[in-house]
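Undergrad: So here's model32.txt, just compact mmCIF, C-alpha atoms:
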# COMPACT_ATOMS: atom_id res chain seq x y z
CA MET A 1 62.25 101.10 137.65
CA ILE A 2 60.69 102.86 134.66
CA VAL A 3 60.06 106.61 134.64
CA VAL A 4 57.18 107.72 132.40
CA ASP A 5 56.53 111.39 131.60
CA ASP A 6 56.10 113.29 128.34
CA GLN A 7 58.56 115.98 129.48
CA ALA A 8 62.19 114.94 129.10
CA VAL A 9 63.37 117.36 131.78
CA VAL A 10 60.91 115.93 134.31
CA ARG A 11 61.96 112.36 133.47
CA ALA A 12 65.61 113.28 133.89
CA GLY A 13 64.93 114.88 137.26
CA PHE A 14 63.14 111.86 138.67
CA ALA A 15 65.73 109.50 137.22
CA ALA A 16 68.55 111.45 138.87
CA ILE A 17 66.84 111.26 142.26
CA VAL A 18 66.22 107.53 141.96
CA ASP A 19 69.64 106.61 140.61
CA ALA A 20 71.34 108.49 143.44
CA GLU A 21 69.60 106.28 146.00
CA PRO A 22 71.36 103.02 146.96
CA GLY A 23 69.41 99.96 145.88
CA LEU A 24 67.25 101.80 143.35
CA THR A 25 67.92 101.98 139.60
CA VAL A 26 66.09 103.41 136.62
CA VAL A 27 66.24 100.79 133.86
CA ALA A 28 64.24 102.74 131.26
CA GLU A 29 62.36 105.95 130.50
CA ALA A 30 59.27 106.54 128.38
CA GLY A 31 57.54 109.63 127.03
CA ASP A 32 54.13 108.05 126.43
CA GLY A 33 51.91 105.26 127.66
CA ALA A 34 52.40 102.89 124.76
CA THR A 35 56.17 102.88 125.21
CA ALA A 36 55.71 102.37 128.95
CA VAL A 37 53.54 99.29 128.37
CA SER A 38 56.15 97.79 126.05
CA LEU A 39 58.97 98.46 128.50
CA ALA A 40 56.98 97.06 131.43
CA ALA A 41 56.33 93.85 129.49
CA ALA A 42 60.09 93.27 129.31
CA GLY A 43 60.03 92.37 132.97
CA GLU A 44 63.08 94.36 134.06
CA ALA A 45 61.29 96.77 136.40
CA ASP A 46 59.45 96.35 139.70
CA VAL A 47 57.89 99.81 139.76
CA VAL A 48 56.66 102.27 137.12
CA LEU A 49 56.52 105.99 137.94
CA MET A 50 53.59 107.01 135.75
CA ASP A 51 52.45 110.43 134.58
CA ILE A 52 48.75 110.58 133.71
CA ARG A 53 48.30 113.29 131.11
CA MET A 54 50.39 112.43 128.05
CA PRO A 55 49.85 112.56 124.28
CA GLY A 56 48.86 109.34 122.55
CA MET A 57 48.17 106.62 125.11
CA ASP A 58 47.67 108.33 128.47
CA GLY A 59 48.84 107.05 131.82
CA LEU A 60 45.41 105.76 132.78
CA THR A 61 45.23 103.35 129.86
CA ALA A 62 48.86 102.37 130.32
CA THR A 63 48.29 101.67 134.02
CA ARG A 64 45.33 99.43 133.26
CA LEU A 65 47.33 97.44 130.70
CA ILE A 66 50.43 97.12 132.88
CA THR A 67 48.55 95.96 135.98
CA ALA A 68 46.31 93.57 134.06
CA SER A 69 49.00 90.89 133.94
CA ASP A 70 49.98 88.92 137.02
CA GLY A 71 53.53 89.51 138.15
CA GLY A 72 53.88 92.79 136.31
CA PRO A 73 55.44 95.90 137.83
CA ARG A 74 53.47 98.04 140.24
CA VAL A 75 52.47 101.53 139.21
CA LEU A 76 53.02 104.68 141.26
CA VAL A 77 51.16 107.59 139.68
CA LEU A 78 52.69 111.06 139.67
CA THR A 79 50.46 114.07 139.05
CA THR A 80 50.58 117.86 139.14
CA PHE A 81 47.04 118.13 140.46
CA ASP A 82 45.92 117.13 143.96
CA LEU A 83 42.33 116.42 142.90
CA ASP A 84 42.44 114.74 139.54
CA GLU A 85 39.70 112.34 138.47
CA TYR A 86 42.20 110.52 136.28
CA VAL A 87 44.27 109.65 139.32
CA TYR A 88 41.26 108.07 141.01
CA GLU A 89 40.54 106.10 137.86
CA ALA A 90 44.18 104.99 137.79
CA LEU A 91 43.86 103.66 141.33
CA ARG A 92 40.77 101.74 140.27
CA ALA A 93 42.69 100.46 137.25
CA GLY A 94 45.32 98.92 139.49
CA ALA A 95 47.82 101.60 140.47
CA SER A 96 49.30 101.15 143.93
CA GLY A 97 49.11 104.81 144.85
CA PHE A 98 50.06 108.30 143.79
CA LEU A 99 52.13 111.33 144.74
CA LEU A 100 52.20 114.93 143.65
CA LYS A 101 55.11 115.84 141.40
CA ASP A 102 56.26 118.45 143.88
CA ALA A 103 56.76 115.85 146.64
CA GLU A 104 60.08 116.00 148.43
CA PRO A 105 62.73 113.56 147.15
CA GLU A 106 62.64 111.56 150.38
CA GLN A 107 58.86 111.18 150.02
CA LEU A 108 59.27 109.92 146.47
CA LEU A 109 61.96 107.43 147.43
CA SER A 110 59.96 106.19 150.41
CA ALA A 111 56.88 105.74 148.23
CA ILE A 112 58.86 103.77 145.66
CA ARG A 113 60.15 101.40 148.31
CA VAL A 114 56.69 100.91 149.83
CA VAL A 115 55.15 100.13 146.45
CA ALA A 116 58.03 97.85 145.47
CA ALA A 117 57.49 95.92 148.71
CA GLY A 118 53.91 95.21 147.65
CA ASP A 119 51.99 97.77 149.65
CA GLY A 120 50.07 100.88 148.62
CA ILE A 121 50.50 104.57 149.26
CA LEU A 122 47.68 106.04 151.33
CA ALA A 123 49.56 108.38 153.63
CA PRO A 124 49.21 111.81 151.97
CA ALA A 125 46.07 113.61 153.10
CA VAL A 126 45.33 114.46 149.48
CA THR A 127 44.74 110.78 148.75
CA ARG A 128 41.89 110.66 151.23
CA ARG A 129 40.37 113.83 149.77
CA LEU A 130 40.56 112.36 146.30
CA ILE A 131 38.94 109.08 147.27
CA ASP A 132 36.26 110.89 149.27
CA THR A 133 35.48 113.20 146.35
CA PHE A 134 35.09 110.58 143.67
CA ALA A 135 33.57 107.90 145.87
CA ARG A 136 30.59 110.24 146.25
CA ALA A 137 29.83 109.65 142.59
CA ALA A 138 29.98 105.86 142.89
CA PRO A 139 26.66 104.01 142.45
CA PRO A 140 25.00 102.76 145.64
CA PRO A 141 26.21 99.28 146.62
CA PRO A 142 23.92 96.25 146.32
CA PRO A 143 22.21 95.37 149.62
CA SER A 144 23.63 91.83 149.69
CA GLY A 145 25.58 89.29 147.71
CA GLY A 146 28.57 91.60 147.23
CA PRO A 147 32.26 90.77 147.51
CA LEU A 148 32.37 91.58 151.23
CA ASP A 149 30.21 88.52 151.91
CA ARG A 150 33.37 86.46 151.36
CA LEU A 151 34.98 87.97 154.45
CA THR A 152 34.75 86.95 158.08
CA GLN A 153 33.52 89.55 160.56
CA ARG A 154 37.07 90.18 161.77
CA GLU A 155 38.31 90.61 158.21
CA ARG A 156 35.57 93.17 157.59
CA GLU A 157 36.69 95.02 160.71
CA VAL A 158 40.28 95.05 159.48
CA LEU A 159 39.17 96.26 156.05
CA LEU A 160 37.27 99.10 157.68
CA LYS A 161 40.37 100.11 159.64
CA ILE A 162 42.46 100.01 156.46
CA ALA A 163 39.96 102.29 154.75
CA CYS A 164 40.28 104.71 157.68
CA GLY A 165 44.02 104.92 156.99
CA LEU A 166 45.32 102.96 159.97
CA THR A 167 48.61 101.05 159.88
CA ASN A 168 48.82 97.40 160.89
CA ALA A 169 50.22 98.39 164.28
CA GLU A 170 47.37 100.86 164.85
CA ILE A 171 44.79 98.29 163.78
CA GLY A 172 46.28 95.76 166.17
CA ALA A 173 46.14 98.23 169.04
CA GLU A 174 42.49 99.06 168.38
CA LEU A 175 41.43 95.42 167.97
CA GLY A 176 43.61 94.07 170.77
CA VAL A 177 45.62 91.68 168.56
CA THR A 178 49.24 91.46 167.44
CA THR A 179 50.58 93.12 164.31
CA GLY A 180 51.33 89.66 162.92
CA THR A 181 47.69 88.68 163.33
CA VAL A 182 46.61 91.85 161.53
CA LYS A 183 48.99 91.05 158.67
CA SER A 184 47.42 87.60 158.37
CA HIS A 185 43.93 89.13 158.20
CA VAL A 186 45.09 91.69 155.61
CA ASN A 187 46.65 89.00 153.42
CA ALA A 188 43.52 86.86 153.72
CA LEU A 189 41.09 89.61 152.79
CA LEU A 190 43.23 90.78 149.87
CA SER A 191 43.35 87.21 148.57
CA LYS A 192 39.61 86.63 148.98
CA LEU A 193 38.76 89.89 147.24
CA GLY A 194 41.36 89.53 144.48
CA LEU A 195 43.05 92.82 145.39
CA ARG A 196 46.67 93.87 144.99
CA ASP A 197 47.16 96.08 148.03
CA ARG A 198 45.65 98.38 150.65
CA VAL A 199 44.87 101.11 148.14
CA GLN A 200 42.61 98.77 146.19
CA ALA A 201 41.09 97.58 149.48
CA THR A 202 40.27 101.15 150.50
CA ILE A 203 38.58 101.88 147.19
CA LEU A 204 36.50 98.70 147.46
CA ALA A 205 35.48 99.64 150.99
CA TYR A 206 34.08 102.92 149.66
CA GLU A 207 32.47 101.42 146.58
CA THR A 208 30.72 98.65 148.49
CA GLY A 209 29.45 101.07 151.11
CA LEU A 210 31.43 99.61 154.03
CA ILE A 211 32.58 103.17 154.69
CA THR A 212 31.06 106.40 153.46
CA PRO A 213 32.88 109.48 152.11
CA GLY A 214 34.36 111.31 155.05
CA GLY A 215 35.50 108.09 156.73
CA VAL A 216 32.19 107.22 158.42
CA PRO A 217 31.40 103.48 158.73
CA ARG A 218 28.04 102.56 157.27
CA ARG A 219 25.59 101.29 159.85
Write out the structure in this file as structure tokens.

TA:
Amino acid sequence: MIVVDDQAVVRAGFAAIVDAEPGLTVVAEAGDGATAVSLAAAGEADVVLMDIRMPGMDGLTATRLITASDGGPRVLVLTTFDLDEYVYEALRAGASGFLLKDAEPEQLLSAIRVVAAGDGILAPAVTRRLIDTFARAAPPPPPSGGPLDRLTQREREVLLKIACGLTNAEIGAELGVTTGTVKSHVNALLSKLGLRDRVQATILAYETGLITPGGVPRR
């Protein structure tokens, strides 16, 4: 794991929390985005804890560069602000989620493990508020011919449930199918849409108009 923050004390604090957890190790630290990109390219880390507001190359640009390459580490954004347009842009750039810097250590460690396993972080209520806020400014979706046309009706239903924040087990219960079946649908729709995880799927659901800000499905 790579910890990226322009404040040495903050980096040291996060590194201490991570290194104290069995199975997790900080392999490098960076004080700016350019250094983070170089370290990520070395291929020694699975996850990057990324600050957004830094001198020189900021975390948004660094996130976009790190996630642009296949097989690169996943990015978990850390921010001081619960409604930060840069965080939303980082999610669009390929980040797998974000947490506030004042999150409890167990929340941070749990988020790291989720992101490392290939999923996204959507649990905190602030994430929904952020997506709702900035999705309102998104341009109206085209009436047809969009990426959702690649999906089956059931895959669209699963995508809608993902965007509403439901887990695979909850989706299965609502649709009357097994969790394994839901996982298959999730993997299929992510592949068809060229998305990395559920966070990216949620953003696409908003931007294509499948769901409106506030969690209301579009009729």

Undergrad: Which polymer residues have any atom within 7 Å of an atom of A:Leu109, counting only C-alpha atoms, with same-chain residues fewer than 4 positions away left out, as a PDB file with C-alpha atoms, in the coordinates of the input?

TA:
ATOM      1  CA  VAL A  18      66.220 107.530 141.960  1.00  0.00           C
ATOM      2  CA  PRO A 105      62.730 113.560 147.150  1.00  0.00           C
ATOM      3  CA  ARG A 113      60.150 101.400 148.310  1.00  0.00           C
TER       4      ARG A 113
END

Undergrad: Please identify all polymer residues within 7 Å of stretch 193-197 of chain A, counting all atoms listed in the file, omitting same-chain residues fewer than 4 positions from it, and present them as a list in words.

TA: Ser96, Gly118, Asp119, Gly120, Pro147, Leu189 and Ala201 of chain A

Undergrad: Env of A:Ala42: 12 Å cut, atoms = only C-alpha atoms, seq-sep filter 2 positions within chain, self excluded. Answer as a PyMOL selection string.

TA: chain A and resi 1-2+27-28+35-40+44-46+66+71-73

Undergrad: Check the smallest atom-to-atom distance from each of A:Leu151, A:Ala103, A:Lys183, A:Arg198 to A:Gly165 using all atoms listed in the file, then report the winner.

TA: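 Closest candidate: A:Arg198.
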
Undergrad: Hey, which of A:Val182, A:Val199, A:Ala173, A:Val4 ends up closest to A:Val114? Count only C-alpha atoms.

TA: A:Val199

Undergrad: Would you pick out the contacts of A:Gly56 at 12 Å or less, using only C-alpha atoms, so that residues sharing its chain but fewer than 3 positions from it are not included, and give the list as a PDB file with C-alpha atoms, in the frame of the given file?

TA:
ATOM      1  CA  ASP A   6      56.100 113.290 128.340  1.00  0.00           C
ATOM      2  CA  GLY A  31      57.540 109.630 127.030  1.00  0.00           C
ATOM      3  CA  ASP A  32      54.130 108.050 126.430  1.00  0.00           C
ATOM      4  CA  GLY A  33      51.910 105.260 127.660  1.00  0.00           C
ATOM      5  CA  ALA A  34      52.400 102.890 124.760  1.00  0.00           C
ATOM      6  CA  THR A  35      56.170 102.880 125.210  1.00  0.00           C
ATOM      7  CA  ALA A  36      55.710 102.370 128.950  1.00  0.00           C
ATOM      8  CA  ILE A  52      48.750 110.580 133.710  1.00  0.00           C
ATOM      9  CA  ARG A  53      48.300 113.290 131.110  1.00  0.00           C
ATOM     10  CA  GLY A  59      48.840 107.050 131.820  1.00  0.00           C
ATOM     11  CA  LEU A  60      45.410 105.760 132.780  1.00  0.00           C
ATOM     12  CA  THR A  61      45.230 103.350 129.860  1.00  0.00           C
ATOM     13  CA  ALA A  62      48.860 102.370 130.320  1.00  0.00           C
TER      14      ALA A  62
END

Undergrad: Quick one: distance from atom CA of A:Val10 to atom CA of A:Leu100 in Å, one decimal?

TA: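 According to the coordinates, atom CA of A:Val10 and atom CA of A:Leu100 are separated by 12.8 Å.
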
Undergrad: Tell me, in Å to one decimal, how far atom CA of A:Pro55 is from atom CA of A:Val115.

TA: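 Result for atom CA of A:Pro55 versus atom CA of A:Val115: 26.0 Å, one decimal.
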
Undergrad: Provide the atom CA of A:Ala169 to atom CA of A:Thr212 distance in Å, to one decimal place.

TA: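 Spanning atom CA of A:Ala169 to atom CA of A:Thr212 is a straight-line distance of 23.4 Å.
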
Undergrad: Quick one: residues within 9 Å of A:Ala15, all atoms listed in the file counted, chain neighbours fewer than 3 positions away excluded, as a PyMOL selection string?

TA: chain A and resi 2-3+10-12+18-20+25-26+29
